[in-house]
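Peer 1: Below you'll find final.tsv; it's TSV, C-alpha atoms and all ligand atoms.
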```tsv
chain	number	residue	atom	x	y	z
W	25	MET	CA	-6.46	-8.67	-27.44
W	26	LYS	CA	-4.63	-5.89	-29.21
W	27	ALA	CA	-1.82	-4.15	-27.41
W	28	THR	CA	1.08	-1.85	-28.18
W	29	ILE	CA	4.40	-2.44	-26.51
W	30	THR	CA	7.41	-0.16	-26.81
W	31	LEU	CA	10.74	-1.98	-26.81
W	32	LEU	CA	13.81	-0.22	-25.45
W	33	PRO	CA	16.65	-2.71	-26.01
W	34	GLY	CA	19.27	-0.18	-24.87
W	35	ASP	CA	22.93	-1.08	-24.41
W	36	GLY	CA	25.23	-4.02	-23.66
W	37	ILE	CA	23.36	-7.30	-23.51
W	38	GLY	CA	20.03	-5.42	-23.58
W	39	PRO	CA	19.41	-6.00	-27.32
W	40	GLU	CA	20.44	-9.68	-27.04
W	41	VAL	CA	17.94	-10.49	-24.31
W	42	THR	CA	15.25	-8.29	-25.90
W	43	ASP	CA	15.42	-10.44	-29.06
W	44	GLU	CA	14.62	-13.52	-26.99
W	45	ALA	CA	11.70	-11.83	-25.24
W	46	VAL	CA	10.28	-10.85	-28.63
W	47	LYS	CA	10.63	-14.46	-29.80
W	48	VAL	CA	8.62	-15.61	-26.80
W	49	LEU	CA	6.07	-12.83	-27.21
W	50	ARG	CA	5.42	-13.85	-30.82
W	51	VAL	CA	4.75	-17.41	-29.71
W	52	ILE	CA	2.33	-16.19	-27.03
W	53	GLU	CA	0.63	-13.98	-29.60
W	54	GLU	CA	0.03	-16.91	-31.92
W	55	LYS	CA	-0.91	-19.48	-29.34
W	56	PHE	CA	-3.34	-17.25	-27.44
W	57	HIS	CA	-4.62	-15.29	-30.49
W	58	HIS	CA	-3.49	-11.80	-29.62
W	59	SER	CA	-2.15	-9.01	-31.76
W	60	PHE	CA	0.82	-7.13	-30.39
W	61	THR	CA	2.28	-4.07	-32.07
W	62	LEU	CA	5.94	-3.68	-31.12
W	63	ASN	CA	7.73	-0.36	-31.55
W	64	ASN	CA	11.48	-0.08	-31.07
W	65	ALA	CA	12.90	3.11	-29.64
W	66	LEU	CA	16.35	4.43	-28.83
W	67	PHE	CA	17.29	4.54	-25.17
W	68	GLY	CA	20.45	4.83	-23.08
W	69	GLY	CA	23.97	5.08	-24.48
W	70	ILE	CA	22.94	4.22	-28.02
W	71	ALA	CA	20.42	7.06	-27.87
W	72	ILE	CA	23.14	9.46	-26.67
W	73	ASP	CA	25.28	8.44	-29.64
W	74	GLN	CA	22.51	8.92	-32.15
W	75	THR	CA	20.56	11.87	-30.74
W	76	GLY	CA	22.61	13.43	-27.92
W	77	SER	CA	19.99	12.43	-25.33
W	78	PRO	CA	19.58	9.12	-23.44
W	79	TYR	CA	15.77	9.54	-23.47
W	80	PRO	CA	14.97	11.43	-26.67
W	81	GLN	CA	11.62	13.03	-27.36
W	82	GLU	CA	10.57	10.37	-29.86
W	83	THR	CA	11.21	7.66	-27.27
W	84	GLN	CA	9.22	9.60	-24.68
W	85	ASP	CA	6.29	9.79	-27.10
W	86	LEU	CA	6.46	6.09	-27.98
W	87	CYS	CA	6.54	5.14	-24.28
W	88	LYS	CA	3.52	7.30	-23.51
W	89	GLN	CA	1.51	5.91	-26.42
W	90	ALA	CA	2.16	2.30	-25.43
W	91	ASP	CA	0.27	-0.01	-23.09
W	92	ALA	CA	3.59	-1.06	-21.61
W	93	VAL	CA	7.35	-0.72	-22.09
W	94	LEU	CA	9.86	-3.55	-22.14
W	95	LEU	CA	13.38	-2.37	-21.38
W	96	GLY	CA	16.68	-4.25	-21.79
W	97	ALA	CA	19.47	-2.37	-20.03
W	98	VAL	CA	21.45	0.83	-20.24
W	99	GLY	CA	25.04	1.90	-19.75
W	100	GLY	CA	28.55	0.76	-20.51
W	101	PRO	CA	32.19	1.85	-20.33
W	102	LYS	CA	31.83	4.05	-23.41
W	103	TRP	CA	29.49	6.37	-21.52
W	104	SER	CA	30.72	6.00	-17.96
W	105	ASP	CA	32.88	9.06	-17.47
W	106	PRO	CA	31.41	10.36	-14.19
W	107	ARG	CA	31.84	13.96	-15.35
W	108	ALA	CA	30.15	13.40	-18.72
W	109	LYS	CA	27.38	15.89	-19.49
W	110	THR	CA	24.81	13.18	-19.81
W	111	ARG	CA	24.89	9.49	-18.95
W	112	PRO	CA	22.66	6.57	-19.98
W	113	GLU	CA	21.56	6.13	-16.36
W	114	LYS	CA	20.21	9.67	-16.45
W	115	GLY	CA	17.83	8.52	-19.18
W	116	LEU	CA	16.62	5.70	-16.98
W	117	LEU	CA	15.93	7.99	-14.04
W	118	ASP	CA	14.31	10.63	-16.28
W	119	MET	CA	12.10	7.97	-17.86
W	120	ARG	CA	10.97	6.54	-14.51
W	121	SER	CA	10.09	9.99	-13.28
W	122	ASP	CA	8.53	11.16	-16.56
W	123	LEU	CA	6.29	8.08	-16.74
W	124	GLY	CA	5.45	8.26	-13.03
W	125	VAL	CA	6.37	4.64	-12.35
W	126	TYR	CA	6.92	4.98	-8.62
W	127	ALA	CA	6.70	1.34	-7.57
W	128	ASN	CA	9.43	-1.10	-8.47
W	129	LEU	CA	8.51	-4.73	-7.84
W	130	ARG	CA	11.34	-7.24	-7.80
W	131	GLN	CA	10.57	-10.83	-7.11
W	132	ILE	CA	13.21	-13.10	-5.64
W	133	ARG	CA	12.47	-16.81	-5.77
W	134	THR	CA	14.66	-19.80	-5.48
W	135	TYR	CA	14.42	-22.45	-8.14
W	136	PRO	CA	15.06	-26.02	-6.98
W	137	GLN	CA	17.02	-26.60	-10.20
W	138	LEU	CA	19.38	-23.72	-9.36
W	139	ILE	CA	19.75	-24.19	-5.65
W	140	ASP	CA	23.41	-25.19	-5.94
W	141	ASN	CA	24.18	-21.96	-7.78
W	142	SER	CA	23.55	-19.79	-4.78
W	143	PRO	CA	26.51	-18.95	-2.56
W	144	ILE	CA	24.12	-19.54	0.36
W	145	LYS	CA	23.71	-23.02	1.84
W	146	LYS	CA	20.72	-25.01	0.59
W	147	GLU	CA	19.01	-25.36	3.94
W	148	TYR	CA	18.50	-21.58	4.17
W	149	LEU	CA	17.00	-21.31	0.70
W	150	GLU	CA	14.07	-23.65	0.72
W	151	GLY	CA	10.79	-21.86	0.15
W	152	VAL	CA	12.37	-18.45	-0.33
W	153	ASP	CA	9.89	-16.23	-2.18
W	154	ILE	CA	10.32	-12.51	-1.54
W	155	ILE	CA	8.77	-9.56	-3.28
W	156	PHE	CA	10.56	-6.27	-2.90
W	157	VAL	CA	8.59	-3.07	-3.27
W	158	ARG	CA	11.12	-0.33	-3.94
W	159	GLU	CA	10.11	3.34	-4.14
W	160	LEU	CA	11.47	4.41	-7.52
W	161	ILE	CA	11.04	8.11	-8.22
W	162	GLY	CA	12.01	9.82	-4.98
W	163	GLY	CA	14.64	9.81	-2.27
W	164	ILE	CA	18.32	10.48	-2.70
W	165	TYR	CA	18.24	9.60	-6.41
W	166	PHE	CA	16.13	12.64	-7.19
W	167	GLY	CA	17.09	15.17	-4.50
W	168	GLU	CA	19.22	18.23	-5.10
W	169	LYS	CA	22.76	17.41	-6.15
W	170	GLU	CA	25.91	19.43	-6.25
W	171	ARG	CA	29.38	18.58	-7.42
W	172	ARG	CA	32.48	20.71	-7.24
W	173	ASP	CA	36.12	19.60	-7.31
W	174	ASP	CA	36.41	19.21	-3.57
W	175	TYR	CA	32.78	18.95	-2.49
W	176	ALA	CA	29.67	16.94	-3.34
W	177	LYS	CA	26.11	16.82	-2.08
W	178	ASP	CA	23.09	14.52	-2.55
W	179	VAL	CA	19.89	15.43	-0.76
W	180	CYS	CA	17.39	12.76	0.34
W	181	GLU	CA	13.76	13.84	0.65
W	182	TYR	CA	10.47	12.02	1.15
W	183	SER	CA	6.98	13.33	1.77
W	184	THR	CA	4.14	11.59	3.60
W	185	SER	CA	2.16	11.14	0.38
W	186	GLU	CA	5.09	9.51	-1.42
W	187	ILE	CA	5.53	7.09	1.47
W	188	GLU	CA	1.81	6.33	1.67
W	189	ARG	CA	1.42	5.50	-2.00
W	190	ILE	CA	4.33	3.06	-2.02
W	191	THR	CA	3.15	1.53	1.27
W	192	ASP	CA	-0.20	0.95	-0.37
W	193	VAL	CA	1.45	-1.10	-3.13
W	194	ALA	CA	3.14	-3.26	-0.50
W	195	VAL	CA	-0.19	-3.66	1.32
W	196	LYS	CA	-2.01	-4.83	-1.83
W	197	LEU	CA	0.67	-7.45	-2.43
W	198	SER	CA	0.77	-8.60	1.16
W	199	GLN	CA	-3.01	-9.09	1.17
W	200	GLN	CA	-2.48	-11.83	-1.44
W	201	ARG	CA	0.46	-13.25	0.46
W	202	LYS	CA	1.44	-13.64	4.13
W	203	LYS	CA	-0.07	-10.36	5.37
W	204	LYS	CA	3.27	-9.24	6.71
W	205	ILE	CA	5.47	-6.39	5.50
W	206	ILE	CA	9.08	-5.85	6.48
W	207	SER	CA	9.84	-2.17	6.04
W	208	ILE	CA	13.46	-1.13	5.67
W	209	ASP	CA	14.91	2.13	6.95
W	210	LYS	CA	17.77	3.75	8.83
W	211	ALA	CA	15.57	5.44	11.40
W	212	ASN	CA	18.38	5.52	13.98
W	213	VAL	CA	20.18	8.08	11.79
W	214	MET	CA	18.10	9.54	8.98
W	215	ALA	CA	15.18	11.96	9.23
W	216	THR	CA	13.59	10.57	6.05
W	217	SER	CA	13.71	7.13	7.63
W	218	GLN	CA	12.02	8.38	10.80
W	219	LEU	CA	9.20	9.78	8.70
W	220	TRP	CA	9.12	6.54	6.69
W	221	ARG	CA	8.70	4.51	9.90
W	222	GLU	CA	5.97	6.80	11.29
W	223	VAL	CA	3.99	7.01	8.06
W	224	THR	CA	4.10	3.29	7.25
W	225	THR	CA	3.05	2.40	10.81
W	226	LYS	CA	0.16	4.86	10.86
W	227	TYR	CA	-1.02	4.01	7.34
W	228	LEU	CA	-1.37	0.37	8.31
W	229	GLU	CA	-2.89	1.06	11.73
W	230	ASP	CA	-5.52	3.37	10.24
W	231	ASN	CA	-6.38	1.42	7.11
W	232	PHE	CA	-5.15	-2.15	7.24
W	233	PRO	CA	-4.80	-3.27	10.86
W	234	GLU	CA	-4.84	-6.90	9.70
W	235	ILE	CA	-1.45	-6.44	7.99
W	236	GLU	CA	1.54	-6.83	10.28
W	237	ILE	CA	4.52	-4.53	9.81
W	238	GLU	CA	8.03	-5.06	11.09
W	239	HIS	CA	10.56	-2.26	10.82
W	240	MET	CA	14.12	-3.34	10.14
W	241	LEU	CA	17.24	-1.21	9.96
W	242	VAL	CA	18.87	-1.56	6.58
W	243	ASP	CA	22.23	-2.72	7.94
W	244	ALA	CA	20.55	-5.47	9.95
W	245	ALA	CA	18.42	-6.34	6.93
W	246	THR	CA	21.48	-7.07	4.80
W	247	MET	CA	22.50	-9.61	7.43
W	248	HIS	CA	19.09	-11.22	7.98
W	249	LEU	CA	18.51	-11.56	4.23
W	250	LEU	CA	21.41	-13.98	4.17
W	251	SER	CA	20.90	-15.72	7.51
W	252	ARG	CA	17.11	-16.17	7.37
W	253	PRO	CA	15.81	-15.27	3.90
W	254	ALA	CA	12.72	-17.46	4.24
W	255	ASP	CA	11.39	-15.07	6.92
W	256	PHE	CA	10.98	-12.29	4.34
W	257	ASP	CA	7.80	-12.03	2.29
W	258	VAL	CA	6.90	-8.48	1.21
W	259	VAL	CA	9.79	-6.05	1.72
W	260	LEU	CA	9.18	-2.32	1.47
W	261	ALA	CA	12.14	0.00	0.92
W	262	ASP	CA	13.05	3.45	-0.30
W	263	ASN	CA	14.84	3.99	-3.60
W	264	LEU	CA	18.45	3.58	-2.47
W	265	PHE	CA	17.98	0.82	0.10
W	266	GLY	CA	15.75	-1.07	-2.33
W	267	ASP	CA	18.39	-0.81	-5.04
W	268	ILE	CA	21.09	-2.26	-2.82
W	269	LEU	CA	19.03	-4.98	-1.14
W	270	THR	CA	17.63	-6.36	-4.39
W	271	ASP	CA	21.08	-6.93	-5.85
W	272	GLU	CA	22.03	-8.70	-2.64
W	273	ALA	CA	18.85	-10.77	-2.66
W	274	SER	CA	19.37	-11.83	-6.28
W	275	MET	CA	22.20	-14.01	-5.04
W	276	LEU	CA	19.67	-16.15	-3.18
W	277	THR	CA	18.40	-17.22	-6.60
W	278	GLY	CA	21.93	-17.92	-7.71
W	279	SER	CA	22.08	-15.58	-10.68
W	280	ILE	CA	21.02	-11.99	-11.18
W	281	GLY	CA	20.22	-13.12	-14.73
W	282	MET	CA	17.03	-14.73	-13.45
W	283	ILE	CA	15.46	-11.66	-11.85
W	284	ALA	CA	12.66	-9.68	-13.42
W	285	SER	CA	11.16	-6.39	-12.36
W	286	ALA	CA	8.14	-4.22	-12.93
W	287	CYS	CA	8.01	-0.45	-12.54
W	288	LEU	CA	4.41	0.55	-12.02
W	289	GLY	CA	2.45	3.77	-11.76
W	290	ASP	CA	-1.15	4.44	-10.90
W	291	ASN	CA	-2.86	2.77	-13.83
W	292	ASN	CA	-2.00	-0.49	-15.56
W	293	PHE	CA	0.88	1.03	-17.43
W	294	GLY	CA	4.33	-0.24	-16.52
W	295	VAL	CA	7.97	-0.45	-17.52
W	296	TYR	CA	9.40	-3.96	-17.25
W	297	GLU	CA	13.08	-4.75	-17.10
W	298	PRO	CA	15.44	-7.45	-15.92
W	299	ILE	CA	17.60	-6.22	-13.05
W	300	HIS	CA	20.91	-7.51	-14.42
W	301	GLY	CA	21.96	-4.35	-16.22
W	302	SER	CA	23.96	-4.04	-19.43
W	303	ALA	CA	26.80	-6.45	-18.45
W	304	PRO	CA	29.30	-5.04	-21.00
W	305	ASP	CA	31.82	-7.74	-20.08
W	306	ILE	CA	29.69	-10.40	-21.73
W	307	GLN	CA	28.15	-8.30	-24.51
W	308	GLY	CA	28.31	-9.95	-27.93
W	309	LYS	CA	29.37	-13.33	-26.54
W	310	ALA	CA	25.90	-14.86	-26.87
W	311	ILE	CA	26.05	-16.12	-23.28
W	312	ALA	CA	23.66	-13.71	-21.56
W	313	ASN	CA	20.79	-15.30	-19.67
W	314	PRO	CA	17.51	-14.12	-21.24
W	315	CYS	CA	15.34	-15.49	-18.39
W	316	GLY	CA	15.24	-12.24	-16.38
W	317	MET	CA	14.02	-10.45	-19.51
W	318	ILE	CA	11.52	-13.16	-20.44
W	319	LEU	CA	10.19	-13.18	-16.87
W	320	SER	CA	9.87	-9.39	-17.12
W	321	LEU	CA	7.72	-9.98	-20.18
W	322	SER	CA	5.60	-12.34	-18.13
W	323	MET	CA	5.15	-9.60	-15.50
W	324	LEU	CA	4.16	-7.21	-18.31
W	325	LEU	CA	1.49	-9.58	-19.59
W	326	ARG	CA	0.12	-10.06	-16.09
W	327	HIS	CA	0.19	-6.50	-14.74
W	328	SER	CA	-0.32	-4.27	-17.77
W	329	LEU	CA	-2.40	-6.50	-20.06
W	330	ASP	CA	-4.19	-8.67	-17.50
W	331	LEU	CA	-3.08	-11.82	-19.33
W	332	ASN	CA	-2.47	-14.09	-16.37
W	333	GLU	CA	-2.72	-17.39	-18.19
W	334	GLU	CA	-0.10	-16.24	-20.69
W	335	ALA	CA	2.16	-15.07	-17.86
W	336	ILE	CA	1.88	-18.45	-16.19
W	337	ALA	CA	2.65	-20.20	-19.49
W	338	ILE	CA	5.97	-18.32	-19.66
W	339	GLU	CA	6.89	-19.04	-16.04
W	340	GLN	CA	6.03	-22.70	-16.50
W	341	ALA	CA	8.07	-22.91	-19.70
W	342	ILE	CA	11.13	-21.55	-17.88
W	343	HIS	CA	10.64	-24.08	-15.08
W	344	ASN	CA	10.37	-26.87	-17.63
W	345	VAL	CA	13.49	-25.79	-19.49
W	346	LEU	CA	15.46	-25.70	-16.22
W	347	ASN	CA	14.03	-29.11	-15.34
W	348	ASP	CA	15.43	-30.41	-18.62
W	349	GLY	CA	18.86	-29.29	-17.43
W	350	ILE	CA	19.14	-26.50	-20.00
W	351	PHE	CA	21.16	-23.62	-18.58
W	352	THR	CA	22.97	-20.50	-19.75
W	353	ALA	CA	26.59	-19.94	-18.73
W	354	ASP	CA	25.73	-18.03	-15.54
W	355	LEU	CA	23.78	-21.08	-14.34
W	356	SER	CA	26.17	-23.86	-15.31
W	357	LYS	CA	29.92	-23.73	-15.76
W	358	SER	CA	30.21	-27.05	-17.56
W	359	ASN	CA	27.16	-27.43	-19.72
W	360	SER	CA	25.51	-24.34	-21.14
W	361	VAL	CA	23.57	-23.12	-24.16
W	362	SER	CA	23.64	-19.75	-25.90
W	363	THR	CA	21.26	-16.87	-25.28
W	364	SER	CA	19.27	-17.63	-28.41
W	365	THR	CA	19.10	-21.39	-27.79
W	366	MET	CA	17.73	-20.63	-24.34
W	367	GLY	CA	15.10	-18.38	-25.94
W	368	ASP	CA	14.25	-21.09	-28.50
W	369	LYS	CA	13.83	-23.74	-25.82
W	370	ILE	CA	11.52	-21.53	-23.76
W	371	ALA	CA	9.50	-20.63	-26.85
W	372	GLN	CA	9.19	-24.33	-27.77
W	373	LYS	CA	7.92	-25.24	-24.30
W	374	ILE	CA	5.15	-22.66	-24.65
G	401	LIG	C1	18.64	-0.51	-11.14
G	401	LIG	C2	19.92	0.14	-11.56
G	401	LIG	C3	19.70	1.62	-11.66
G	401	LIG	C4	19.28	2.13	-10.32
G	401	LIG	C5	20.91	2.42	-12.18
G	401	LIG	C6	21.41	1.88	-13.50
G	401	LIG	C7	20.62	3.88	-12.28
G	401	LIG	O1	20.94	-0.17	-10.68
G	401	LIG	O2	17.67	-0.44	-11.91
G	401	LIG	O3	18.59	-1.11	-10.06
G	401	LIG	O4	20.12	2.39	-9.45
G	401	LIG	O5	18.07	2.27	-10.10
G	402	MN	MN	20.36	-1.55	-9.10
```
Take the structure I supplied and represent it as structure tokens, if you would.
Peer 2:
Amino acid sequence: MKATITLLPGDGIGPEVTDEAVKVLRVIEEKFHHSFTLNNALFGGIAIDQTGSPYPQETQDLCKQADAVLLGAVGGPKWSDPRAKTRPEKGLLDMRSDLGVYANLRQIRTYPQLIDNSPIKKEYLEGVDIIFVRELIGGIYFGEKERRDDYAKDVCEYSTSEIERITDVAVKLSQQRKKKIISIDKANVMATSQLWREVTTKYLEDNFPEIEIEHMLVDAATMHLLSRPADFDVVLADNLFGDILTDEASMLTGSIGMIASACLGDNNFGVYEPIHGSAPDIQGKAIANPCGMILSLSMLLRHSLDLNEEAIAIEQAIHNVLNDGIFTADLSKSNSVSTSTMGDKIAQKI
């Protein structure tokens, strides 16, 4: 197949892990006889430096022309003055909204090879396989904001249709899985959460009575995720709660460097990114873990290009590399390889 992918390496370790994903993509291209056109575009802090905008027009055009977007990370100390006119993160939020990618899928699995890396005891981790469905272009992230010297305001809004469309994504996933959704809210306090609870319940009752839904308050969820993570399968959350819970859940895997994500809209188009962020503290040290990025590529192949066999080949290669005891520094204190060696090993396994 022929496909066009826009690469947004971004800031911090973003370019380092993007290089490794490209390495793997080229191997997939050759082995499975595809032809991928890759276009690089400026995004985040580096785009602010060069164009004044974190999501410049040319980048917007390249994203819209592509079949999918692969994104490294944005942000860093250079651009983190909270009062700055524009920040790299603004580019990320503008892009998500502009491209209409309302559903953020984040998969949390434990790897037997990494089980000792998690701060959680082994016996709780066996069989953990959770998929978070986070609403990505609404809620408090996008509501009205105000900031004065002595006052600040962030408004959280959700409409029934926004809640229904994200619930539908969770339903489609749960149909392939355990047919149970845990929906997160703060319905004992927040009006948006009360609507969230009502709409999700009714949407399932009316359309998918075979899918079970359990509503969980977000504070309780943070606790249960650690004490009984294996009870979670599909988790549905709004933008803010989903952001917080997925960072927490990444610790079940042992390293946030392993976690991939997909941001999906209504067609096959998607933006794929590791959830680790720009990690400026380790930028340029060649120790970043490229697995989250390479697994994001595997999600891209599966969801946007319908190349399931290729996606599985990548996942299997990562398993095999871990089985060989090859780890980056976040996964092993004593015996680790560089970012590019990790990429090479994965590419070789494919
Ligand atoms: C994420 C990040 C972003 C978010 C930030 C960088 C704006 O934390 O993708 O989870 O909060 O959505
Ligand atoms: Mn986050």
Peer 1: Compute the set of protein, DNA and RNA residues whose minimum atom distance to ligand LIG 401 (chain G) is at most 9 Å, using all atoms listed in the file, and state it as a list in words.
Peer 2: Ala97, Val98, Gly99, Pro112, Glu113, Lys114, Gly115, Leu116, Leu117, Asn128, Leu160, Tyr165, Asn263, Leu264, Gly266, Asp267, Ile268, Thr270, Asp271, Ser285, Glu297, Pro298, Ile299, His300, Gly301 and Ser302 of chain W
Peer 1: What does the distance from atom CA of Gly294 of chain W to atom CA of Glu229 of chain W come to in Å, to one decimal?
Peer 2: 29.2 Å
Peer 1: Could you check the closest approach to ligand MN 402 (chain G) for each of W:Arg107, W:Lys373, W:Lys102, W:Arg158 and tell me which residue wins, using all atoms listed in the file?
Peer 2: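 Looking at the shortest contact to ligand MN 402 (chain G), the residue is W:Arg158.
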Peer 1: Mind giving me the straight-line distance from atom CA of Asn64 of chain W to atom CA of Phe156 of chain W in Å, one decimal?
Peer 2: 28.9 Å
Peer 1: In Å, with one decimal, what is the gap from atom CA of Leu149 of chain W to atom CA of Gly278 of chain W?
Peer 2: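 Pair atom CA of Leu149 of chain W / atom CA of Gly278 of chain W returns 10.3 Å.
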Peer 1: Using all atoms listed in the file, pick whichever of W:Arg252, W:Arg130, W:Lys369, W:His343 has the shortest atom-to-atom distance to ligand MN 402 (chain G).
Peer 2: W:Arg130
Peer 1: Between W:Ala45, W:Ala273, W:Cys287, W:Ala215, single out the one closest to Ser364 of chain W, counting all atoms listed in the file.
Peer 2: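 Among W:Ala45, W:Ala273, W:Cys287, W:Ala215, it is W:Ala45 that comes nearest to Ser364 of chain W.
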Peer 1: May I ask which of the residues W:Tyr135, W:Phe293, W:Phe166, W:Tyr227 is the closest one to Val93 of chain W, counting only C-alpha atoms?
Peer 2: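 The shortest atom-to-atom distance to Val93 of chain W comes from W:Phe293.
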Peer 1: Could you extract segment 58-76 of chain W of the given structure into a file holding C-alpha atoms, as a short mmCIF file (atom, residue, chain, number, x, y, z; two decimals), in the first residue's frame?
Peer 2:
```cif
data_model
loop_
_atom_site.label_atom_id
_atom_site.label_comp_id
_atom_site.auth_asym_id
_atom_site.auth_seq_id
_atom_site.Cartn_x
_atom_site.Cartn_y
_atom_site.Cartn_z
CA HIS W 58 4.62 -0.88 1.09
CA SER W 59 5.52 2.62 0.05
CA PHE W 60 5.38 5.26 2.75
CA THR W 61 5.91 8.94 2.07
CA LEU W 62 7.14 10.68 5.20
CA ASN W 63 6.89 14.45 5.57
CA ASN W 64 8.53 16.25 8.48
CA ALA W 65 6.86 19.32 9.90
CA LEU W 66 7.64 21.82 12.64
CA PHE W 67 5.62 21.49 15.82
CA GLY W 68 5.85 22.67 19.43
CA GLY W 69 8.67 24.78 20.86
CA ILE W 70 10.90 24.38 17.83
CA ALA W 71 8.04 25.68 15.69
CA ILE W 72 7.62 28.69 18.00
CA ASP W 73 11.33 29.45 17.60
CA GLN W 74 11.25 29.21 13.84
CA THR W 75 7.81 30.57 12.96
CA GLY W 76 6.31 32.18 16.07
#
```
